[in-house]
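**Student:** Sharing coords-v5.csv below, CSV, C-alpha atoms:
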chain,number,residue,atom,x,y,z
L,1,MET,CA,81.6,121.2,24.8
L,2,TYR,CA,79.4,118.3,23.9
L,3,ARG,CA,77.7,120.3,21.2
L,4,ARG,CA,81.1,121.3,19.8
L,5,LEU,CA,82.1,117.6,19.7
L,6,ALA,CA,78.8,116.5,18.3
L,7,GLN,CA,79.3,118.8,15.3
L,8,HIS,CA,82.1,116.4,14.2
L,9,LEU,CA,80.1,113.2,14.7
L,10,PRO,CA,78.2,111.5,11.9
L,11,ASP,CA,74.5,112.2,11.9
L,12,TRP,CA,73.6,108.6,12.9
L,13,ILE,CA,75.4,109.1,16.2
L,14,SER,CA,74.6,112.7,17.0
L,15,GLU,CA,70.9,112.1,16.4
L,16,HIS,CA,70.8,109.4,19.2
L,17,PRO,CA,73.1,110.8,21.9
L,18,ARG,CA,71.5,108.8,24.8
L,19,LEU,CA,71.8,105.6,23.0
L,20,TRP,CA,75.4,106.0,22.1
L,21,SER,CA,76.2,107.4,25.5
L,22,GLY,CA,74.7,104.2,27.1
L,23,VAL,CA,76.8,102.0,24.7
L,24,GLY,CA,79.9,103.9,25.6
L,25,LEU,CA,79.2,103.6,29.3
L,26,LEU,CA,78.6,99.8,28.9
L,27,LEU,CA,81.9,99.4,27.1
L,28,VAL,CA,83.9,101.2,29.8
L,29,VAL,CA,82.2,99.2,32.6
L,30,GLY,CA,82.9,96.0,30.7
L,31,ALA,CA,86.5,96.9,30.1
L,32,ILE,CA,87.0,97.7,33.8
L,33,ALA,CA,85.3,94.4,34.9
L,34,THR,CA,87.5,92.4,32.4
L,35,TRP,CA,90.6,94.0,33.7
L,36,HIS,CA,89.6,93.4,37.3
L,37,LEU,CA,88.9,89.7,36.6
L,38,GLY,CA,92.3,89.3,34.8
L,39,GLY,CA,90.9,89.1,31.3
L,40,PHE,CA,93.8,91.2,29.9
L,41,GLU,CA,96.5,89.1,31.4
L,42,THR,CA,98.4,86.5,29.3
L,43,ALA,CA,96.7,83.1,29.5
L,44,ALA,CA,98.7,80.3,31.2
L,45,PRO,CA,99.6,77.6,28.7
L,46,ARG,CA,97.3,74.6,28.9
L,47,PRO,CA,99.3,71.8,30.6
L,48,LEU,CA,100.3,69.0,28.2
L,49,PRO,CA,99.4,65.4,28.8
L,50,ARG,CA,101.9,63.4,30.8
L,51,PHE,CA,103.0,59.9,29.9
L,52,GLY,CA,104.9,57.2,31.8
L,53,ALA,CA,106.4,53.8,31.3
L,54,GLU,CA,104.1,51.3,29.5
L,55,SER,CA,101.8,54.1,28.3
L,56,VAL,CA,101.1,54.2,24.5
L,57,ILE,CA,102.0,57.4,22.8
L,58,THR,CA,100.6,57.9,19.3
L,59,THR,CA,101.9,60.5,16.9
L,60,ASN,CA,101.4,60.9,13.1
L,61,GLU,CA,104.6,59.0,12.5
L,62,TRP,CA,105.1,56.6,15.4
L,63,ARG,CA,103.4,54.6,18.1
L,64,ILE,CA,105.7,54.5,21.1
L,65,ARG,CA,105.4,52.3,24.2
L,66,PRO,CA,108.3,53.3,26.5
L,67,LEU,CA,109.5,50.6,28.8
L,68,LYS,CA,112.4,51.7,30.9
L,69,ALA,CA,115.4,54.0,31.1
L,70,TRP,CA,118.9,53.6,32.4
L,71,ILE,CA,122.4,55.1,32.3
L,72,ALA,CA,125.1,53.0,30.7
L,73,ASP,CA,128.9,53.4,30.4
L,74,GLY,CA,130.4,54.6,27.2
L,75,ASP,CA,132.7,52.3,25.2
L,76,SER,CA,136.3,51.8,26.1
L,77,GLY,CA,137.3,54.5,23.5
L,78,GLY,CA,136.6,57.1,26.1
L,79,ASP,CA,133.1,58.3,25.2
L,80,GLY,CA,131.0,59.5,28.2
L,81,ALA,CA,128.0,57.7,29.6
L,82,PHE,CA,124.7,57.4,27.7
L,83,LEU,CA,121.0,57.6,28.6
L,84,MET,CA,119.2,54.6,27.2
L,85,VAL,CA,115.5,54.4,26.7
L,86,GLU,CA,114.1,51.0,25.7
L,87,MET,CA,110.7,51.1,23.9
L,88,TRP,CA,108.4,49.3,21.5
L,89,LEU,CA,108.3,51.4,18.4
L,90,GLU,CA,106.0,51.1,15.4
L,91,ASN,CA,106.3,53.1,12.2
L,92,ARG,CA,102.9,54.5,11.2
L,93,THR,CA,104.1,55.9,7.9
L,94,ARG,CA,104.4,54.2,4.6
L,95,ARG,CA,108.2,54.1,4.3
L,96,SER,CA,111.0,52.5,6.3
L,97,GLU,CA,112.7,55.0,8.5
L,98,SER,CA,116.1,54.9,10.3
L,99,LEU,CA,115.9,58.5,11.6
L,100,PHE,CA,114.0,58.9,14.9
L,101,VAL,CA,114.0,62.7,15.0
L,102,GLU,CA,111.5,65.3,16.3
L,103,ALA,CA,109.6,62.6,18.2
L,104,LEU,CA,111.2,62.3,21.7
L,105,ARG,CA,113.6,65.0,22.9
L,106,LEU,CA,115.4,65.0,26.2
L,107,ALA,CA,114.1,67.9,28.2
L,108,GLU,CA,116.6,70.1,29.9
L,109,PRO,CA,115.8,72.7,32.6
L,110,GLY,CA,115.5,76.2,31.1
L,111,LYS,CA,115.7,75.1,27.5
L,112,PRO,CA,112.8,75.4,25.1
L,113,TRP,CA,112.0,72.2,23.3
L,114,ARG,CA,113.4,73.4,20.0
L,115,ASP,CA,116.9,73.6,21.6
L,116,THR,CA,116.8,70.1,23.0
L,117,GLU,CA,118.3,66.9,21.5
L,118,ASP,CA,117.0,64.1,19.5
L,119,PRO,CA,118.5,60.7,20.3
L,120,LYS,CA,121.9,60.0,18.8
L,121,THR,CA,120.7,56.6,17.4
L,122,LEU,CA,118.3,53.7,17.7
L,123,VAL,CA,119.9,50.3,18.4
L,124,LEU,CA,118.8,46.8,19.0
L,125,PRO,CA,118.8,45.7,22.7
L,126,SER,CA,120.6,42.5,21.7
L,127,ASP,CA,123.2,44.3,19.5
L,128,PRO,CA,123.9,47.9,20.4
L,129,SER,CA,126.8,48.2,18.0
L,130,ARG,CA,124.8,49.5,15.1
L,131,GLY,CA,121.7,51.5,14.3
L,132,ILE,CA,118.5,50.1,12.7
L,133,ALA,CA,115.6,51.0,10.6
L,134,ILE,CA,111.9,50.7,11.6
L,135,HIS,CA,109.6,49.3,8.9
L,136,PRO,CA,105.9,50.1,8.5
L,137,GLU,CA,103.6,47.7,10.4
L,138,LEU,CA,106.6,45.8,11.9
L,139,PRO,CA,106.9,46.9,15.5
L,140,ALA,CA,110.4,46.6,17.0
L,141,ARG,CA,111.9,46.6,20.4
L,142,VAL,CA,114.6,49.2,20.3
L,143,VAL,CA,116.8,51.4,22.5
L,144,ALA,CA,117.1,55.1,21.9
L,145,VAL,CA,120.4,56.6,23.0
L,146,TRP,CA,121.2,60.1,24.2
L,147,ALA,CA,124.5,61.5,25.4
L,148,LEU,CA,124.1,61.8,29.2
L,149,PRO,CA,123.7,65.4,30.4
L,150,SER,CA,126.1,66.7,32.9
L,151,THR,CA,123.5,67.1,35.7
L,152,PRO,CA,122.9,63.9,37.8
L,153,MET,CA,119.5,62.3,37.1
L,154,ASP,CA,117.3,59.6,38.7
L,155,HIS,CA,114.4,60.5,36.5
L,156,ALA,CA,114.2,62.0,33.0
L,157,GLU,CA,111.6,63.9,31.1
L,158,PHE,CA,111.2,64.0,27.3
L,159,HIS,CA,109.2,66.4,25.1
L,160,VAL,CA,106.9,64.3,23.0
L,161,LEU,CA,106.6,65.9,19.5
L,162,ASN,CA,104.2,65.4,16.6
L,163,ARG,CA,104.9,66.3,13.0
L,164,GLU,CA,102.6,66.8,10.0
L,165,PHE,CA,103.2,65.5,6.5
L,166,VAL,CA,103.5,68.5,4.2
L,167,GLU,CA,102.9,67.7,0.5
L,168,ARG,CA,104.9,70.8,-0.6
L,169,THR,CA,107.2,72.6,1.8
L,170,ALA,CA,107.4,76.4,1.4
L,171,LEU,CA,111.1,76.5,0.7
L,172,ILE,CA,111.8,74.0,-2.1
L,173,GLY,CA,108.4,72.4,-2.7
L,174,ASN,CA,109.3,68.9,-1.7
L,175,ALA,CA,107.2,66.5,0.4
L,176,ALA,CA,108.4,66.2,4.0
L,177,TRP,CA,107.5,65.7,7.6
L,178,ALA,CA,107.6,69.1,9.3
L,179,ARG,CA,105.9,71.5,11.7
L,180,ALA,CA,106.8,69.6,14.8
L,181,LYS,CA,105.0,70.7,18.0
L,182,PRO,CA,104.9,69.3,21.5
L,183,ILE,CA,101.9,67.1,22.4
L,184,GLY,CA,103.0,65.8,25.8
L,185,VAL,CA,105.7,65.0,28.3
L,186,LEU,CA,107.1,61.6,29.0
L,187,ALA,CA,108.5,61.0,32.5
L,188,LEU,CA,110.6,58.0,33.3
L,189,ALA,CA,112.6,56.8,36.3
L,190,VAL,CA,116.3,56.3,35.4
L,191,GLU,CA,118.4,53.5,36.8
L,192,ASP,CA,122.1,53.9,37.0
L,193,ARG,CA,123.8,50.8,35.6
L,194,ARG,CA,127.3,52.2,35.3
L,195,GLU,CA,130.2,50.3,36.9
L,196,PRO,CA,131.0,51.9,40.2
L,197,ALA,CA,134.3,53.9,40.1
L,198,PRO,CA,137.1,52.1,41.9
L,199,ASN,CA,137.8,53.5,45.4
L,200,LYS,CA,141.3,55.1,45.1
L,201,GLY,CA,142.0,54.9,48.9
L,202,SER,CA,141.5,51.2,49.2
L,203,LYS,CA,144.4,48.8,49.5
L,204,PRO,CA,144.9,46.1,46.8
I,205,MET,CA,84.3,111.9,-15.8
I,206,MET,CA,83.1,109.8,-12.8
I,207,ARG,CA,81.9,107.0,-15.2
I,208,ALA,CA,85.4,106.8,-16.8
I,209,GLY,CA,87.0,106.5,-13.4
I,210,TRP,CA,84.6,103.8,-12.3
I,211,ARG,CA,85.2,101.9,-15.6
I,212,ARG,CA,88.9,102.1,-15.1
I,213,TRP,CA,88.6,100.9,-11.5
I,214,ARG,CA,86.6,97.9,-12.6
I,215,MET,CA,89.2,97.1,-15.3
I,216,ASP,CA,92.0,97.3,-12.8
I,217,ALA,CA,90.2,95.0,-10.3
I,218,LEU,CA,89.5,92.6,-13.1
I,219,MET,CA,93.2,92.5,-14.1
I,220,VAL,CA,94.1,91.8,-10.5
I,221,VAL,CA,91.6,89.0,-10.2
I,222,LEU,CA,92.8,87.5,-13.5
I,223,ALA,CA,96.5,87.7,-12.4
I,224,LEU,CA,95.7,86.0,-9.1
I,225,ALA,CA,93.8,83.2,-10.9
I,226,ALA,CA,96.7,82.7,-13.3
I,227,MET,CA,99.1,82.5,-10.3
I,228,LEU,CA,97.0,79.9,-8.6
I,229,TRP,CA,96.7,77.8,-11.7
I,230,MET,CA,100.4,77.9,-12.2
I,231,ALA,CA,101.1,77.0,-8.6
I,232,ARG,CA,98.8,73.9,-8.9
I,233,HIS,CA,100.1,72.8,-12.3
I,234,THR,CA,103.8,73.5,-12.1
I,235,ALA,CA,106.0,70.5,-11.5
I,236,SER,CA,107.0,70.2,-7.8
I,237,TYR,CA,110.6,69.7,-6.5
I,238,ASP,CA,109.9,66.0,-6.3
I,239,ASP,CA,108.4,65.9,-9.8
I,240,ASN,CA,111.5,67.6,-11.3
I,241,ARG,CA,113.7,65.1,-9.6
I,242,ALA,CA,111.6,62.0,-10.4
I,243,PRO,CA,113.7,59.0,-11.6
I,244,PHE,CA,113.5,57.2,-15.0
I,245,TYR,CA,111.9,53.8,-14.3
I,246,VAL,CA,113.1,50.8,-16.3
I,247,ARG,CA,110.9,47.7,-15.8
I,248,GLY,CA,111.5,44.0,-15.9
I,249,THR,CA,110.7,40.7,-14.3
I,250,LEU,CA,112.3,38.0,-12.2
I,251,GLY,CA,115.2,36.5,-14.1
I,252,GLU,CA,115.4,39.2,-16.7
I,253,THR,CA,118.3,41.7,-16.9
I,254,VAL,CA,117.1,45.2,-16.5
I,255,ARG,CA,119.4,47.9,-17.9
I,256,GLY,CA,119.5,51.4,-16.5
I,257,ARG,CA,121.7,54.3,-17.6
I,258,ASP,CA,124.9,52.9,-16.1
I,259,PHE,CA,124.0,49.7,-14.4
I,260,ALA,CA,122.2,46.4,-15.1
I,261,VAL,CA,120.6,44.3,-12.5
I,262,THR,CA,119.1,40.8,-12.6
I,263,VAL,CA,117.0,39.3,-9.7
I,264,GLU,CA,117.9,35.7,-10.1
I,265,LYS,CA,116.0,34.2,-7.1
I,266,VAL,CA,113.7,35.2,-4.3
I,267,GLU,CA,113.6,33.3,-1.0
I,268,LEU,CA,111.5,33.8,2.2
I,269,ALA,CA,112.5,32.9,5.8
I,270,ARG,CA,111.3,33.4,9.3
I,271,ALA,CA,114.7,34.4,10.5
I,272,LEU,CA,118.2,35.0,9.2
I,273,ARG,CA,121.4,33.5,10.6
I,274,LEU,CA,124.5,35.6,9.8
I,275,ASP,CA,127.8,33.7,9.7
I,276,ALA,CA,130.8,36.0,9.8
I,277,GLY,CA,133.1,33.0,9.1
I,278,ASP,CA,135.1,33.7,12.2
I,279,GLY,CA,134.3,30.6,14.1
I,280,ASP,CA,131.6,32.1,16.3
I,281,PRO,CA,128.0,30.8,16.1
I,282,PRO,CA,125.9,32.7,13.5
I,283,ARG,CA,124.0,35.7,14.8
I,284,ARG,CA,120.3,35.4,14.5
I,285,ARG,CA,118.0,38.1,13.2
I,286,ASP,CA,114.3,37.5,13.8
I,287,THR,CA,111.4,39.6,12.5
I,288,TYR,CA,107.7,40.0,13.2
I,289,GLY,CA,107.1,39.7,9.5
I,290,VAL,CA,109.2,37.6,7.1
I,291,TRP,CA,112.6,38.0,5.6
I,292,LEU,CA,112.6,38.3,1.8
I,293,VAL,CA,116.1,37.6,0.4
I,294,ALA,CA,116.6,38.6,-3.2
I,295,HIS,CA,119.6,37.1,-5.0
I,296,LEU,CA,121.0,39.7,-7.5
I,297,ARG,CA,123.5,40.0,-10.2
I,298,VAL,CA,124.6,43.6,-10.7
I,299,GLU,CA,126.8,44.9,-13.5
I,300,ALA,CA,128.4,48.4,-13.9
I,301,LEU,CA,128.1,49.6,-17.5
I,302,GLN,CA,130.2,52.7,-17.6
I,303,GLU,CA,132.2,53.4,-14.5
I,304,PRO,CA,132.7,51.8,-11.0
I,305,LEU,CA,129.7,52.2,-8.8
I,306,ARG,CA,128.3,51.2,-5.5
I,307,PHE,CA,124.9,49.6,-5.5
I,308,GLN,CA,123.3,51.8,-2.9
I,309,ARG,CA,119.6,51.5,-2.9
I,310,ALA,CA,117.1,48.7,-3.0
I,311,GLU,CA,113.5,48.9,-1.8
I,312,LEU,CA,110.4,46.7,-1.9
I,313,ARG,CA,107.3,48.6,-3.0
I,314,THR,CA,104.0,47.0,-2.2
I,315,GLN,CA,100.8,47.1,-4.2
I,316,ASP,CA,99.2,49.5,-1.7
I,317,GLY,CA,102.1,52.0,-1.9
I,318,TYR,CA,104.2,51.0,1.2
I,319,SER,CA,108.0,51.0,0.9
I,320,TYR,CA,110.4,48.7,2.7
I,321,GLY,CA,114.1,49.5,2.6
I,322,ALA,CA,116.9,47.0,2.6
I,323,ASP,CA,118.0,47.3,6.2
I,324,ASP,CA,121.7,47.7,6.0
I,325,ARG,CA,122.0,47.6,9.8
I,326,ARG,CA,120.1,44.5,10.8
I,327,VAL,CA,121.9,42.7,7.9
I,328,ASP,CA,125.1,44.6,7.4
I,329,MET,CA,127.1,45.0,4.2
I,330,ASP,CA,129.4,42.0,5.0
I,331,TYR,CA,126.5,39.8,3.9
I,332,ARG,CA,124.8,42.0,1.4
I,333,LEU,CA,125.5,43.4,-2.0
I,334,GLY,CA,124.7,47.0,-1.0
I,335,GLY,CA,127.8,49.2,-0.8
I,336,VAL,CA,130.1,46.8,-2.6
I,337,GLU,CA,132.1,48.5,-5.4
I,338,ILE,CA,131.3,47.1,-8.8
I,339,VAL,CA,133.6,47.8,-11.7
I,340,PRO,CA,132.7,47.5,-15.4
I,341,GLY,CA,133.4,44.0,-16.8
I,342,LEU,CA,133.2,42.4,-13.4
I,343,PRO,CA,129.6,41.8,-12.4
I,344,GLN,CA,128.9,40.9,-8.8
I,345,ARG,CA,126.4,38.5,-7.3
I,346,GLY,CA,125.0,39.0,-3.8
I,347,VAL,CA,121.9,39.2,-1.7
I,348,VAL,CA,119.7,42.0,-0.5
I,349,ALA,CA,117.5,41.2,2.6
I,350,PHE,CA,114.3,42.9,3.5
I,351,GLU,CA,111.8,42.6,6.4
I,352,ILE,CA,108.2,42.8,5.2
I,353,PRO,CA,104.8,41.9,6.7
I,354,ARG,CA,103.4,38.7,5.3
I,355,ASP,CA,100.2,40.3,4.1
I,356,LYS,CA,102.1,42.8,2.0
I,357,LEU,CA,104.0,40.3,-0.1
I,358,ALA,CA,101.6,39.7,-3.0
I,359,GLY,CA,102.2,42.1,-5.9
I,360,THR,CA,105.4,43.5,-4.3
I,361,VAL,CA,108.1,44.7,-6.7
I,362,LEU,CA,111.8,45.5,-6.1
I,363,GLU,CA,113.2,48.9,-6.9
I,364,ALA,CA,116.9,49.2,-7.3
I,365,SER,CA,119.3,52.1,-8.1
I,366,ARG,CA,122.8,53.1,-7.6
I,367,ASP,CA,121.9,56.3,-5.8
I,368,ARG,CA,120.6,56.0,-2.2
I,369,PHE,CA,119.4,59.6,-2.0
I,370,ARG,CA,118.2,60.2,-5.6
I,371,ILE,CA,120.2,63.4,-5.7
I,372,ALA,CA,119.9,63.6,-9.5
I,373,PRO,CA,117.2,62.1,-11.7
I,374,ASP,CA,118.6,58.8,-12.8
I,375,SER,CA,117.5,55.2,-13.7
I,376,VAL,CA,115.6,53.1,-11.2
I,377,ALA,CA,115.0,49.4,-12.1
I,378,VAL,CA,111.6,48.2,-11.1
I,379,ILE,CA,111.5,44.4,-11.1
I,380,ASP,CA,108.3,42.3,-10.8
I,381,LEU,CA,109.2,39.4,-8.4
I,382,GLY,CA,106.4,37.2,-9.6
I,383,LEU,CA,104.7,37.3,-6.2
I,384,THR,CA,101.2,36.3,-7.1
I,385,ARG,CA,98.9,35.3,-4.3
I,386,ASP,CA,99.4,31.6,-5.1
I,387,ARG,CA,103.1,31.9,-5.3
I,388,VAL,CA,103.2,33.8,-2.0
I,389,ASP,CA,101.1,31.1,-0.3
I,390,GLY,CA,103.5,28.4,-1.6
I,391,LEU,CA,106.6,30.3,-0.5
I,392,LEU,CA,105.2,30.9,2.9
I,393,ARG,CA,104.2,27.3,3.3
I,394,ASP,CA,107.6,26.0,2.3
I,395,MET,CA,109.8,28.7,3.8
I,396,PRO,CA,112.5,27.5,6.2
I,397,GLU,CA,112.6,28.5,9.8
I,398,SER,CA,115.9,30.3,9.1
I,399,LEU,CA,118.1,31.1,6.2
I,400,LEU,CA,121.9,31.1,6.5
I,401,LEU,CA,123.8,34.1,5.0
I,402,VAL,CA,127.6,33.9,5.0
I,403,SER,CA,129.8,37.0,5.1
I,404,ARG,CA,131.5,37.7,1.8
I,405,TYR,CA,134.7,38.1,3.8
I,406,ALA,CA,134.5,34.7,5.5
I,407,SER,CA,137.7,32.7,5.0
I,408,ARG,CA,137.0,29.8,2.6
Translate the structure described by the file into structure tokens.

**Tutor:**
Amino acid sequence: MYRRLAQHLPDWISEHPRLWSGVGLLLVVGAIATWHLGGFETAAPRPLPRFGAESVITTNEWRIRPLKAWIADGDSGGDGAFLMVEMWLENRTRRSESLFVEALRLAEPGKPWRDTEDPKTLVLPSDPSRGIAIHPELPARVVAVWALPSTPMDHAEFHVLNREFVERTALIGNAAWARAKPIGVLALAVEDRREPAPNKGSKP
Amino acid sequence: MMRAGWRRWRMDALMVVLALAAMLWMARHTASYDDNRAPFYVRGTLGETVRGRDFAVTVEKVELARALRLDAGDGDPPRRRDTYGVWLVAHLRVEALQEPLRFQRAELRTQDGYSYGADDRRVDMDYRLGGVEIVPGLPQRGVVAFEIPRDKLAGTVLEASRDRFRIAPDSVAVIDLGLTRDRVDGLLRDMPESLLLVSRYASR
């Protein structure tokens, strides 16, 4: 049977049967050993660095030093509560920026980072009535605001994202910040500063 | 026969290589999306009226201050706006030449290519010219306020246009503010601790 098979092999193989038999045997043994040691299984993703309060997070666009997080009541118009994260924020780009997107996203269990939310706005701690812009080389103490998720929380985690500056995007050829990808996880304790709900059963 | 086939194959390969080279050259030398939408710059100096397609703007005066005090004219104490840099307040006169317009965009552009937007949130439109409707025949005077680091003042120019997002290529006024190094040193030396801005809607 071997001779019948050998007739179909190129001369440079059939002229050295022992050599190539040895090579084939080594390959089979190597494959079995690799399988036994788990080499064909999917590699576990490398854990991302974890950040906490007062740590300095540097991305291509921002330098972020988170300070604290708390839950605040919405306004009297009926909006729900908000998750507020106070931080020092420095713009590392060359343009003023009022959009704080694809930098910190509130992590939600079971949701990939692409489906999580950017903050609704950035406001001044002293005047939360309006959003602000962050200017290059002028750090600012700001508060990022998210709508509070429905699940109760005494701590919160955020996906820390980094973007690249693309001179020409593929779609329309403009310059833009794109290709966001996670570079870490920010974990903060959350304080509940909401007014306690009135006790309905108590007498006036 | 074989020689003819080989010659034809070489010609085909050469045509493919030439076509690829032509495509690469075109991709590098074709105007990008940003280039196609580049504005038409109209240049001038402090005190000079700069005319764009449908607006004219004059920077009449430039002031510096460590902080701004914003007086809403409602009897409450003025709100203070501090900065880690300096406030540059430009006094403008804007005229609509063809149709009513809102003066939407003003930026400071530094010598080293940084861009500082007029922050319409730290200093809202009640105090600023931005967003005010200007009709032909009735020029408006007002201020535009910027935060900028001190070491970026020298050589900075003001860019102004009606269109915030530059949706269509249009006129952009580029005004030299006369900020030589000596003038900047003098302005910084003499600048007040705070500058008072009064809301245009304050009762007189």

**Student:** Compare L:Gly80, L:Pro182, L:Pro49, L:Gly24 by their minimum atom-to-atom distance to Pro149 of chain L, counting only C-alpha atoms, and give me the closest one.

**Tutor:** L:Gly80

**Student:** Which of these, I:Trp229, I:Phe259, I:Tyr318, I:Phe350, has the shortest distance to Val293 of chain I once you count all atoms listed in the file?

**Tutor:**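 The shortest atom-to-atom distance to Val293 of chain I comes from I:Phe350.
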
**Student:** Report, in Å to a single decimal, how far apart atom CA of Ala176 of chain L and atom CA of Asp380 of chain I are.

**Tutor:** 28.1 Å

**Student:** Near chain I, meaning an atom within 12 Å, which residues of chain L appear when counting all atoms listed in the file? Write them as an MDAnalysis selection string.

**Tutor:** chainID L and resid 90:98 121:124 126:142 167:176

**Student:** Using all atoms listed in the file, which residues sit within 9 Å of segment 389-399 of chain I once same-chain residues fewer than 4 positions away are excluded, as a list in words?

**Tutor:**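 Listed by chain and then number, they are Glu267, Leu268, Ala269, Arg270, Ala271, Leu272, Arg273, Leu274, Arg284, Asp286, Val290, Trp291, Val293, Arg354, Thr384 and Arg385 of chain I.
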
**Student:** Please determine, counting all atoms listed in the file, which residue among L:Glu108, L:Glu86, L:Asp73, L:Glu54 has the shortest atom-to-atom distance to Ala156 of chain L.

**Tutor:**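 Smallest separation from Ala156 of chain L among the options: L:Glu108.
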
**Student:** Report, in Å with one decimal, the straight-line distance from atom CA of Thr42 of chain L to atom CA of Val29 of chain L.

**Tutor:**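 Computing the Euclidean distance for atom CA of Thr42 of chain L and atom CA of Val29 of chain L yields 20.8 Å.
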
**Student:** Closest to Ala187 of chain L among L:Arg18, L:Arg163, L:Arg105, L:Arg4, using only C-alpha atoms?

**Tutor:**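 Of all the options, L:Arg105 lies closest to Ala187 of chain L.
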
**Student:** Could you tell me how far atom CA of Glu337 of chain I sits from atom CA of Leu305 of chain I, in Å to one decimal place?

**Tutor:**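 Separation of atom CA of Leu305 of chain I and atom CA of Glu337 of chain I: 5.6 Å.
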
**Student:** Fewer than 3 positions away in the same chain doesn't count, so skip those; otherwise give me all residues within 9 Å of Val160 of chain L, counting only C-alpha atoms, as a ChimeraX atom specification.

**Tutor:** /L:57,59,102-105,181-186

**Student:** Do you know which residues lie at most 10 Å from (119.5, 48.7, -16.7), with coordinates as in the file and all atoms listed in the file counted, and could you write them as number ranges by chain?

**Tutor:** I: 245-248, 253-262, 298-301, 364-365, 375-378

**Student:** Please save C-alpha atoms of the selected residues as a PDB file, in the frame of the given file.

**Tutor:**
ATOM      1  CA  TYR I 245     111.900  53.800 -14.300  1.00  0.00           C
ATOM      2  CA  VAL I 246     113.100  50.800 -16.300  1.00  0.00           C
ATOM      3  CA  ARG I 247     110.900  47.700 -15.800  1.00  0.00           C
ATOM      4  CA  GLY I 248     111.500  44.000 -15.900  1.00  0.00           C
ATOM      5  CA  THR I 253     118.300  41.700 -16.900  1.00  0.00           C
ATOM      6  CA  VAL I 254     117.100  45.200 -16.500  1.00  0.00           C
ATOM      7  CA  ARG I 255     119.400  47.900 -17.900  1.00  0.00           C
ATOM      8  CA  GLY I 256     119.500  51.400 -16.500  1.00  0.00           C
ATOM      9  CA  ARG I 257     121.700  54.300 -17.600  1.00  0.00           C
ATOM     10  CA  ASP I 258     124.900  52.900 -16.100  1.00  0.00           C
ATOM     11  CA  PHE I 259     124.000  49.700 -14.400  1.00  0.00           C
ATOM     12  CA  ALA I 260     122.200  46.400 -15.100  1.00  0.00           C
ATOM     13  CA  VAL I 261     120.600  44.300 -12.500  1.00  0.00           C
ATOM     14  CA  THR I 262     119.100  40.800 -12.600  1.00  0.00           C
ATOM     15  CA  VAL I 298     124.600  43.600 -10.700  1.00  0.00           C
ATOM     16  CA  GLU I 299     126.800  44.900 -13.500  1.00  0.00           C
ATOM     17  CA  ALA I 300     128.400  48.400 -13.900  1.00  0.00           C
ATOM     18  CA  LEU I 301     128.100  49.600 -17.500  1.00  0.00           C
ATOM     19  CA  ALA I 364     116.900  49.200  -7.300  1.00  0.00           C
ATOM     20  CA  SER I 365     119.300  52.100  -8.100  1.00  0.00           C
ATOM     21  CA  SER I 375     117.500  55.200 -13.700  1.00  0.00           C
ATOM     22  CA  VAL I 376     115.600  53.100 -11.200  1.00  0.00           C
ATOM     23  CA  ALA I 377     115.000  49.400 -12.100  1.00  0.00           C
ATOM     24  CA  VAL I 378     111.600  48.200 -11.100  1.00  0.00           C
TER      25      VAL I 378
END

**Student:** Compile the contact shell of Val336 of chain I as an MDAnalysis selection string: residues with an atom at most 12 Å away, counting all atoms listed in the file, same-chain residues fewer than 4 positions apart removed.

**Tutor:** chainID I and resid 298:300 304:309 328:332 343:348 366 404:405

**Student:** Taking C-alpha atoms for each residue, export the selection above as an mmCIF file, keeping the file's coordinate frame.

**Tutor:**
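Result file is result_31.cif:
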data_model
loop_
_atom_site.group_PDB
_atom_site.id
_atom_site.type_symbol
_atom_site.label_atom_id
_atom_site.label_comp_id
_atom_site.auth_asym_id
_atom_site.auth_seq_id
_atom_site.Cartn_x
_atom_site.Cartn_y
_atom_site.Cartn_z
ATOM 1 C CA VAL I 298 124.600 43.600 -10.700
ATOM 2 C CA GLU I 299 126.800 44.900 -13.500
ATOM 3 C CA ALA I 300 128.400 48.400 -13.900
ATOM 4 C CA PRO I 304 132.700 51.800 -11.000
ATOM 5 C CA LEU I 305 129.700 52.200 -8.800
ATOM 6 C CA ARG I 306 128.300 51.200 -5.500
ATOM 7 C CA PHE I 307 124.900 49.600 -5.500
ATOM 8 C CA GLN I 308 123.300 51.800 -2.900
ATOM 9 C CA ARG I 309 119.600 51.500 -2.900
ATOM 10 C CA ASP I 328 125.100 44.600 7.400
ATOM 11 C CA MET I 329 127.100 45.000 4.200
ATOM 12 C CA ASP I 330 129.400 42.000 5.000
ATOM 13 C CA TYR I 331 126.500 39.800 3.900
ATOM 14 C CA ARG I 332 124.800 42.000 1.400
ATOM 15 C CA PRO I 343 129.600 41.800 -12.400
ATOM 16 C CA GLN I 344 128.900 40.900 -8.800
ATOM 17 C CA ARG I 345 126.400 38.500 -7.300
ATOM 18 C CA GLY I 346 125.000 39.000 -3.800
ATOM 19 C CA VAL I 347 121.900 39.200 -1.700
ATOM 20 C CA VAL I 348 119.700 42.000 -0.500
ATOM 21 C CA ARG I 366 122.800 53.100 -7.600
ATOM 22 C CA ARG I 404 131.500 37.700 1.800
ATOM 23 C CA TYR I 405 134.700 38.100 3.800
#
